[in-house]
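Just below is one structure, and these are the notes that go with it.
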Amino acid sequence: MKKTALITGISGQDGAYLAQFLIKKNYRVIGTDRRSARSVNWRLRRLGIENKIIFEEMELGEIYEIQRVFKKYKINEVYNLAAQSFVGTSFSSPLNTANITGLGSLRILETIRSIDPKIKFYQASSSEMFGDILEKRQKEKTPLNPQSPYAIAKVFAHYLTKNYRNSYNIFATSGILFNHESPLRGEEFVTRKIIIGLVKILKKEIDYFELGNIYAKRDWGYAKEYVEAMWKMLQKKKPDDYIISTGKTYSIKDFINFATSYLRMDVKWVGKGLKEKLVYKKSKKTLIKINPKFFRPSEVNILIGDSAKAKKDLKWRPKTDLKKLIKIMIDDEIKYYVKL
Ligand code: NDP
Ligand code: GDP
């Protein structure tokens with residue numbers, strides 16, 4: 001008997017990789033999204049799996065749509081990946097972020113509780129919940145200190161997941177994933193923005209691009225490996241919380257330096273503060289400038305995760321370091337490069 005998995009946020013980065021992984025494991029995959037125009041599923045098309053998924057429309061703001069889908073299929077596992085997932089947007093759209101990223105999870109948990117409490121539930125929790133960090137390396141028990149409406153909505157959903165686990169005996173698991181990137185990452189996130197920007201400069205489509213705080217540090221892993229951890233969490237005997245991270249942290253500036261070095265661009269940093277910029281050594285032409293418009297009202301300066309529990313209990317470990325990840329992203333960006 002094929003197992004059935006429902007993935008919310010199928011059109012996103014993790015939704016695409018997770019669907020690919022589960023299809024290989026012989027799951028029937030139901031993917032939910034909020035649009036009727038399915039032509040935007042470029043990620044699923046790129047992975048060659050678009051026609052292997054059963055699509056259902058399910059806006060996370062609408063409990064009746066959620067109930068309809070849960071009544072229609074006999075579901076074994078739910079991966080709740082849908083969210084307003086961009087920290088920057090959460091400052092300009094805090095209400096929508098709370099409604100989708102926070103209350104969206106509650107709507108699903110309530111549906112599971114009332115329709116079939118045997119369904120296993122995965123919540124896409126985030127390292128952003130640690131915010132202004134209270135411990136040098138963040139583990140499952142590190143206190144949370146969120147710094148954005150996005151992170152606060154994720155904290156709400158994280159605690160609800162624990163609460164439904166404890167109160168109703170639902171198999172509700174929370175994966176606290178640190179930043180994970182890939183060629184399928186959304187263009188607004190800093191890693192993909194940098195790579196697209198550099199490739200466009202090399203293709204002479206633009207002269208320069210702008211960034212915000214290049215001194216923030218993140219623990220970046222490879223999304224394709226991280227979705228496997230999600231599945232492993234739901235195969236355990238008991239639901240729990242797990243940190244998924246590489247245990248290494250780098251600044252945005254480090255990321256740029258690795259990327260320009262892989263692309264053999266002869267560049268250097270000049271200036272300080274808002275005047276700091278990346279220029280070509282010879283021509284002095286500017287490639288990257290700082291623009292305060294990309295600074296956040298409150299920043300998460302550094303994140304670094306300790307995934308020892310996942311290593312021990314899930315036998316999961318990261319395999320791709322940042323330089324290798326950057327190579328994967330750049331090679332793909334060049335391969336699929338299309339002029340606007
Ligand atoms: P994406 O932004 O790529 O995908 C988010 C998905 O949510 C998209 O499919 C989007 O659909 C969908 N969505 C947004 N709003 C709604 C809505 N109102 N109703 C239904 N669906 C909606 O995120 P990722 O794949 O990168 O991340 C997956 C999850 O993991 C997210 O919850 C994210 O917050 C979380 N996370 C991600 C991390 C990362 O580094 N990638 C780190 C930690 C947690 P549409 O295409 O229509 O916009
Ligand atoms: P986040 O960790 O989920 O917020 O992932 P992002 O990729 O959006 O941001 C990572 C870090 O990069 C944050 O500290 C941002 O402030 C910083 N950053 C600097 N410049 C930019 C930019 O132009 N865009 C984005 N998205 N982030 C930037």
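FYI, nothing fancy with the structure tokens labels: chains A, B, ... in order, residues from 1 per chain, ligands from 1 as they appear.
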
**Prompt:** Quick one: residues within 8 Å of ligand 2, with only C-alpha atoms and all ligand atoms, as a VMD selection string?
**Reply:** chain A and resid 85 to 88 128 179 188 to 193 210 to 218 252 294 to 296 299 to 302

**Request:** Would you mind listing the residues within 9 Å of ligand 1, counting only C-alpha atoms and all ligand atoms, as a PyMOL selection string?
**Result:** chain A and resi 8-17+32-35+40-41+57-62+80-87+96-97+99-101+104+123-128+150-151+154+175-182+184-186+189+220-221+223

**Item:** From A:Thr161, A:Ser251, A:Ser105, A:Asn51, residue lying nearest A:Ile63 [only C-alpha atoms]
**Value:** A:Ser105

**Request:** Based on DSSP run over this structure's backbone, return all residues of stretch 15-136 of chain A in helix (DSSP H, G or I), as a ChimeraX atom specification.
**Result:** /A:15-24,38-40,42-46,50-52,63-72,87-92,94-115,127-130

**Message:** Could you go through stretch 25-183 of chain A and tell me which residues DSSP, when run on the backbone, assigns to strand (DSSP E or B), listing them as a ChimeraX atom specification?
**Reply:** /A:28-33,53-57,77-80,120-126,138,172-177,180-181

Preceding selection exported with N, CA and C atoms as a PDB file, in the first residue's frame:
```pdb
ATOM      1  N   ARG A  28       2.427   8.455  -2.596  1.00  0.00           N
ATOM      2  CA  ARG A  28       1.498   9.261  -3.391  1.00  0.00           C
ATOM      3  C   ARG A  28       1.580  10.669  -2.795  1.00  0.00           C
ATOM      4  N   VAL A  29       1.915  11.654  -3.631  1.00  0.00           N
ATOM      5  CA  VAL A  29       2.126  13.010  -3.109  1.00  0.00           C
ATOM      6  C   VAL A  29       1.006  13.952  -3.548  1.00  0.00           C
ATOM      7  N   ILE A  30       0.353  14.527  -2.535  1.00  0.00           N
ATOM      8  CA  ILE A  30      -0.641  15.566  -2.811  1.00  0.00           C
ATOM      9  C   ILE A  30       0.015  16.902  -2.474  1.00  0.00           C
ATOM     10  N   GLY A  31       0.039  17.777  -3.445  1.00  0.00           N
ATOM     11  CA  GLY A  31       0.682  19.080  -3.230  1.00  0.00           C
ATOM     12  C   GLY A  31      -0.371  20.168  -3.228  1.00  0.00           C
ATOM     13  N   THR A  32      -0.344  20.992  -2.201  1.00  0.00           N
ATOM     14  CA  THR A  32      -1.351  22.055  -2.169  1.00  0.00           C
ATOM     15  C   THR A  32      -0.710  23.411  -2.412  1.00  0.00           C
ATOM     16  N   ASP A  33      -1.441  24.221  -3.168  1.00  0.00           N
ATOM     17  CA  ASP A  33      -1.010  25.602  -3.356  1.00  0.00           C
ATOM     18  C   ASP A  33      -2.224  26.506  -3.393  1.00  0.00           C
ATOM     19  N   ILE A  53       2.433  14.678  -9.334  1.00  0.00           N
ATOM     20  CA  ILE A  53       1.834  15.204  -8.104  1.00  0.00           C
ATOM     21  C   ILE A  53       0.342  15.438  -8.306  1.00  0.00           C
ATOM     22  N   ILE A  54      -0.427  15.143  -7.272  1.00  0.00           N
ATOM     23  CA  ILE A  54      -1.857  15.475  -7.322  1.00  0.00           C
ATOM     24  C   ILE A  54      -1.993  16.872  -6.707  1.00  0.00           C
ATOM     25  N   PHE A  55      -2.459  17.823  -7.486  1.00  0.00           N
ATOM     26  CA  PHE A  55      -2.562  19.195  -6.977  1.00  0.00           C
ATOM     27  C   PHE A  55      -3.943  19.471  -6.392  1.00  0.00           C
ATOM     28  N   GLU A  56      -3.939  20.180  -5.287  1.00  0.00           N
ATOM     29  CA  GLU A  56      -5.187  20.664  -4.691  1.00  0.00           C
ATOM     30  C   GLU A  56      -4.991  22.124  -4.312  1.00  0.00           C
ATOM     31  N   GLU A  57      -6.008  22.906  -4.526  1.00  0.00           N
ATOM     32  CA  GLU A  57      -5.925  24.299  -4.106  1.00  0.00           C
ATOM     33  C   GLU A  57      -6.264  24.389  -2.622  1.00  0.00           C
ATOM     34  N   GLU A  77       0.856  11.369   6.156  1.00  0.00           N
ATOM     35  CA  GLU A  77       1.824  12.359   6.671  1.00  0.00           C
ATOM     36  C   GLU A  77       1.542  13.728   6.057  1.00  0.00           C
ATOM     37  N   VAL A  78       1.583  14.751   6.896  1.00  0.00           N
ATOM     38  CA  VAL A  78       1.424  16.125   6.397  1.00  0.00           C
ATOM     39  C   VAL A  78       2.712  16.898   6.661  1.00  0.00           C
ATOM     40  N   TYR A  79       3.232  17.529   5.632  1.00  0.00           N
ATOM     41  CA  TYR A  79       4.411  18.394   5.777  1.00  0.00           C
ATOM     42  C   TYR A  79       3.937  19.823   5.573  1.00  0.00           C
ATOM     43  N   ASN A  80       3.899  20.580   6.645  1.00  0.00           N
ATOM     44  CA  ASN A  80       3.367  21.941   6.546  1.00  0.00           C
ATOM     45  C   ASN A  80       4.483  22.940   6.234  1.00  0.00           C
ATOM     46  N   LYS A 120       0.244  12.044  10.769  1.00  0.00           N
ATOM     47  CA  LYS A 120       1.487  12.616  11.312  1.00  0.00           C
ATOM     48  C   LYS A 120       1.701  14.007  10.722  1.00  0.00           C
ATOM     49  N   PHE A 121       2.177  14.927  11.566  1.00  0.00           N
ATOM     50  CA  PHE A 121       2.284  16.329  11.169  1.00  0.00           C
ATOM     51  C   PHE A 121       3.718  16.830  11.335  1.00  0.00           C
ATOM     52  N   TYR A 122       4.235  17.462  10.282  1.00  0.00           N
ATOM     53  CA  TYR A 122       5.560  18.097  10.361  1.00  0.00           C
ATOM     54  C   TYR A 122       5.394  19.602  10.270  1.00  0.00           C
ATOM     55  N   GLN A 123       5.936  20.324  11.227  1.00  0.00           N
ATOM     56  CA  GLN A 123       5.907  21.788  11.197  1.00  0.00           C
ATOM     57  C   GLN A 123       7.274  22.326  10.796  1.00  0.00           C
ATOM     58  N   ALA A 124       7.265  23.232   9.797  1.00  0.00           N
ATOM     59  CA  ALA A 124       8.511  23.844   9.329  1.00  0.00           C
ATOM     60  C   ALA A 124       8.896  25.000  10.245  1.00  0.00           C
ATOM     61  N   SER A 125       9.514  24.662  11.379  1.00  0.00           N
ATOM     62  CA  SER A 125       9.989  25.715  12.284  1.00  0.00           C
ATOM     63  C   SER A 125      11.322  26.261  11.776  1.00  0.00           C
ATOM     64  N   SER A 126      11.736  27.373  12.372  1.00  0.00           N
ATOM     65  CA  SER A 126      12.869  28.093  11.784  1.00  0.00           C
ATOM     66  C   SER A 126      13.874  28.561  12.829  1.00  0.00           C
ATOM     67  N   GLN A 138      22.859  27.175  18.972  1.00  0.00           N
ATOM     68  CA  GLN A 138      21.461  26.948  19.300  1.00  0.00           C
ATOM     69  C   GLN A 138      21.086  25.472  19.156  1.00  0.00           C
ATOM     70  N   ALA A 172       2.929  15.158  16.251  1.00  0.00           N
ATOM     71  CA  ALA A 172       3.239  16.491  15.723  1.00  0.00           C
ATOM     72  C   ALA A 172       4.701  16.798  16.012  1.00  0.00           C
ATOM     73  N   THR A 173       5.473  16.940  14.952  1.00  0.00           N
ATOM     74  CA  THR A 173       6.925  17.111  15.070  1.00  0.00           C
ATOM     75  C   THR A 173       7.335  18.455  14.503  1.00  0.00           C
ATOM     76  N   SER A 174       8.354  19.026  15.128  1.00  0.00           N
ATOM     77  CA  SER A 174       8.811  20.333  14.680  1.00  0.00           C
ATOM     78  C   SER A 174      10.278  20.242  14.273  1.00  0.00           C
ATOM     79  N   GLY A 175      10.551  20.565  13.015  1.00  0.00           N
ATOM     80  CA  GLY A 175      11.937  20.608  12.550  1.00  0.00           C
ATOM     81  C   GLY A 175      12.404  22.051  12.575  1.00  0.00           C
ATOM     82  N   ILE A 176      13.417  22.314  13.416  1.00  0.00           N
ATOM     83  CA  ILE A 176      13.925  23.693  13.487  1.00  0.00           C
ATOM     84  C   ILE A 176      15.091  23.777  12.504  1.00  0.00           C
ATOM     85  N   LEU A 177      14.762  24.187  11.292  1.00  0.00           N
ATOM     86  CA  LEU A 177      15.773  24.191  10.237  1.00  0.00           C
ATOM     87  C   LEU A 177      16.465  25.543  10.145  1.00  0.00           C
ATOM     88  N   HIS A 180      18.499  27.189   4.593  1.00  0.00           N
ATOM     89  CA  HIS A 180      18.938  26.209   3.598  1.00  0.00           C
ATOM     90  C   HIS A 180      18.593  26.720   2.213  1.00  0.00           C
ATOM     91  N   GLU A 181      19.547  26.565   1.338  1.00  0.00           N
ATOM     92  CA  GLU A 181      19.545  27.250   0.045  1.00  0.00           C
ATOM     93  C   GLU A 181      19.709  26.219  -1.067  1.00  0.00           C
TER      94      GLU A 181
END
```

**Message:** Measuring between only C-alpha atoms, which one of A:Ile23, A:Asp241, A:Lys284, A:Leu274 shows the shortest distance to A:Tyr159?
**Reply:**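 Using only C-alpha atoms, the shortest distance to A:Tyr159 belongs to A:Asp241.
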
**Request:** Excluding A:Thr246 and residues on its chain fewer than 6 positions from it, collect all residues at most 9 Å away from it, counting only C-alpha atoms, and give them as number ranges by chain.
**Result:** A: 178, 219-221, 304-307, 317-321

**Message:** Using only C-alpha atoms, which protein or nucleic acid residues come within 8 Å of A:Ile75? Drop anything in the same chain fewer than 5 positions from it, and give the result as an MDAnalysis selection string.
**Reply:** chainID A and resid 3:6 70 119

**Asked** Using only C-alpha atoms, which residues sit within 12 Å of A:Leu134 once same-chain residues fewer than 5 positions away are excluded, as a list in words?
**Response**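 My reading of the contact set: Met129, Lys139, Lys141, Thr142, Pro143, Leu144, Asn145, Pro146, Val300, Ile302, Leu303 and Ile304 of chain A.
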
Output C-alpha atoms of each residue in that selection to a file, as a PDB file, in the first residue's frame.
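File selection.pdb, as written:
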```pdb
ATOM      1  CA  MET A 129      12.954  31.816  16.282  1.00  0.00           C
ATOM      2  CA  LYS A 139      20.016  23.581  20.287  1.00  0.00           C
ATOM      3  CA  LYS A 141      16.323  23.603  24.298  1.00  0.00           C
ATOM      4  CA  THR A 142      17.849  27.035  23.646  1.00  0.00           C
ATOM      5  CA  PRO A 143      15.383  29.762  24.693  1.00  0.00           C
ATOM      6  CA  LEU A 144      13.655  31.540  21.819  1.00  0.00           C
ATOM      7  CA  ASN A 145      14.069  35.283  21.313  1.00  0.00           C
ATOM      8  CA  PRO A 146      12.390  36.164  17.980  1.00  0.00           C
ATOM      9  CA  VAL A 300      19.286  38.654  13.570  1.00  0.00           C
ATOM     10  CA  ILE A 302      24.242  35.526  13.913  1.00  0.00           C
ATOM     11  CA  LEU A 303      22.851  31.990  13.868  1.00  0.00           C
ATOM     12  CA  ILE A 304      24.742  28.758  14.367  1.00  0.00           C
TER      13      ILE A 304
END
```

**Request:** Provide the atom CA of A:Leu263 to atom CA of A:Gln20 distance in Å, to one decimal place.
**Result:**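 Interatomic distance, atom CA of A:Leu263 to atom CA of A:Gln20: 29.6 Å.
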
**Message:** Calculated over only C-alpha atoms, which of the candidates A:Arg113, A:Lys238, A:His158, A:Lys248 has the smallest distance to A:Phe171?
**Reply:** A:Lys238

**Request:** Identify which of the residues A:Pro239, A:Gly197, A:Gly247, A:Pro183 lies closest to A:Ile326, counting only C-alpha atoms when measuring atom-to-atom distances.
**Result:**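 The shortest atom-to-atom distance to A:Ile326 comes from A:Pro183.
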
**Request:** Considering only C-alpha atoms, return as a PyMOL selection string whatever protein or nucleic-acid residues lie within 12 Å of A:Leu287, sequence-local ones (same chain, fewer than 2 positions apart) excluded.
**Result:** chain A and resi 194+197-202+204+206-211+256+260+265-270+276-281+283-285+289-290

Could you save the residues just selected, with N, CA and C atoms, as a CSV table (one decimal), in the first residue's frame?
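The resulting file, selection-v5.csv, is shown below:
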```csv
chain,number,residue,atom,x,y,z
A,194,ILE,N,22.3,37.3,-4.5
A,194,ILE,CA,23.8,37.5,-4.8
A,194,ILE,C,24.2,36.8,-6.1
A,197,GLY,N,22.6,38.2,-9.1
A,197,GLY,CA,23.2,39.5,-9.4
A,197,GLY,C,24.6,39.4,-10.1
A,198,LEU,N,25.4,38.5,-9.5
A,198,LEU,CA,26.8,38.3,-10.1
A,198,LEU,C,26.7,37.7,-11.5
A,199,VAL,N,25.8,36.8,-11.7
A,199,VAL,CA,25.7,36.2,-13.1
A,199,VAL,C,25.2,37.3,-14.1
A,200,LYS,N,24.2,38.1,-13.6
A,200,LYS,CA,23.7,39.2,-14.5
A,200,LYS,C,24.8,40.2,-14.9
A,201,ILE,N,25.7,40.4,-13.9
A,201,ILE,CA,26.8,41.3,-14.1
A,201,ILE,C,27.8,40.7,-15.2
A,202,LEU,N,28.1,39.4,-15.0
A,202,LEU,CA,29.0,38.8,-16.0
A,202,LEU,C,28.3,38.7,-17.3
A,204,LYS,N,26.6,41.0,-18.5
A,204,LYS,CA,26.4,42.4,-18.9
A,204,LYS,C,25.0,42.9,-19.0
A,206,ILE,N,23.3,43.8,-16.1
A,206,ILE,CA,23.3,44.9,-15.1
A,206,ILE,C,24.7,45.3,-14.8
A,207,ASP,N,24.9,46.5,-14.2
A,207,ASP,CA,26.2,47.0,-13.8
A,207,ASP,C,26.5,46.6,-12.4
A,208,TYR,N,25.5,46.8,-11.5
A,208,TYR,CA,25.7,46.5,-10.1
A,208,TYR,C,24.4,46.1,-9.4
A,209,PHE,N,24.4,45.6,-8.2
A,209,PHE,CA,23.2,45.4,-7.4
A,209,PHE,C,23.5,45.9,-6.0
A,210,GLU,N,22.4,45.9,-5.2
A,210,GLU,CA,22.5,46.5,-3.8
A,210,GLU,C,22.0,45.5,-2.8
A,211,LEU,N,22.7,45.6,-1.6
A,211,LEU,CA,22.4,44.7,-0.5
A,211,LEU,C,22.2,45.5,0.8
A,256,ILE,N,29.8,36.3,-0.5
A,256,ILE,CA,30.1,37.0,-1.7
A,256,ILE,C,31.6,36.7,-2.1
A,260,THR,N,32.5,35.2,-5.7
A,260,THR,CA,33.3,35.9,-6.7
A,260,THR,C,34.6,35.1,-7.0
A,265,MET,N,36.4,36.3,-10.4
A,265,MET,CA,36.2,37.8,-10.6
A,265,MET,C,37.3,38.5,-9.8
A,266,ASP,N,38.0,39.4,-10.4
A,266,ASP,CA,39.1,40.0,-9.7
A,266,ASP,C,38.6,41.3,-9.0
A,267,VAL,N,38.1,41.1,-7.8
A,267,VAL,CA,37.4,42.2,-7.1
A,267,VAL,C,38.0,42.5,-5.7
A,268,LYS,N,37.7,43.6,-5.2
A,268,LYS,CA,38.1,43.9,-3.8
A,268,LYS,C,37.0,44.8,-3.1
A,269,TRP,N,37.0,44.8,-1.8
A,269,TRP,CA,36.1,45.7,-1.0
A,269,TRP,C,36.8,47.0,-0.7
A,270,VAL,N,36.0,48.1,-0.9
A,270,VAL,CA,36.6,49.4,-0.5
A,270,VAL,C,35.5,50.2,0.3
A,276,GLU,N,30.6,51.3,1.9
A,276,GLU,CA,31.4,50.1,1.5
A,276,GLU,C,30.8,49.5,0.2
A,277,LYS,N,31.7,49.1,-0.7
A,277,LYS,CA,31.3,48.5,-1.9
A,277,LYS,C,32.3,47.5,-2.5
A,278,LEU,N,31.8,46.7,-3.4
A,278,LEU,CA,32.7,45.7,-4.0
A,278,LEU,C,33.0,46.3,-5.4
A,279,VAL,N,34.3,46.4,-5.7
A,279,VAL,CA,34.7,46.9,-7.0
A,279,VAL,C,35.6,46.0,-7.8
A,280,TYR,N,35.7,46.1,-9.1
A,280,TYR,CA,36.7,45.4,-9.9
A,280,TYR,C,38.0,46.1,-9.5
A,281,LYS,N,39.1,45.2,-9.3
A,281,LYS,CA,40.4,45.8,-8.9
A,281,LYS,C,40.9,46.7,-10.0
A,283,SER,N,39.4,48.1,-13.1
A,283,SER,CA,38.6,49.2,-13.7
A,283,SER,C,38.0,50.0,-12.6
A,284,LYS,N,38.0,49.5,-11.4
A,284,LYS,CA,37.3,50.2,-10.2
A,284,LYS,C,35.8,50.3,-10.4
A,285,LYS,N,35.2,49.7,-11.3
A,285,LYS,CA,33.8,49.7,-11.5
A,285,LYS,C,33.1,49.0,-10.4
A,289,LYS,N,26.7,47.5,-4.0
A,289,LYS,CA,26.6,48.7,-3.1
A,289,LYS,C,25.8,48.4,-2.0
A,290,ILE,N,25.9,49.2,-0.9
A,290,ILE,CA,25.0,49.0,0.3
A,290,ILE,C,23.8,50.0,0.1
```

**Length of the atom CA of A:Ile112 to atom CA of A:Trp316 vector [Å]** =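 Separating atom CA of A:Ile112 from atom CA of A:Trp316 is a distance of 27.7 Å.
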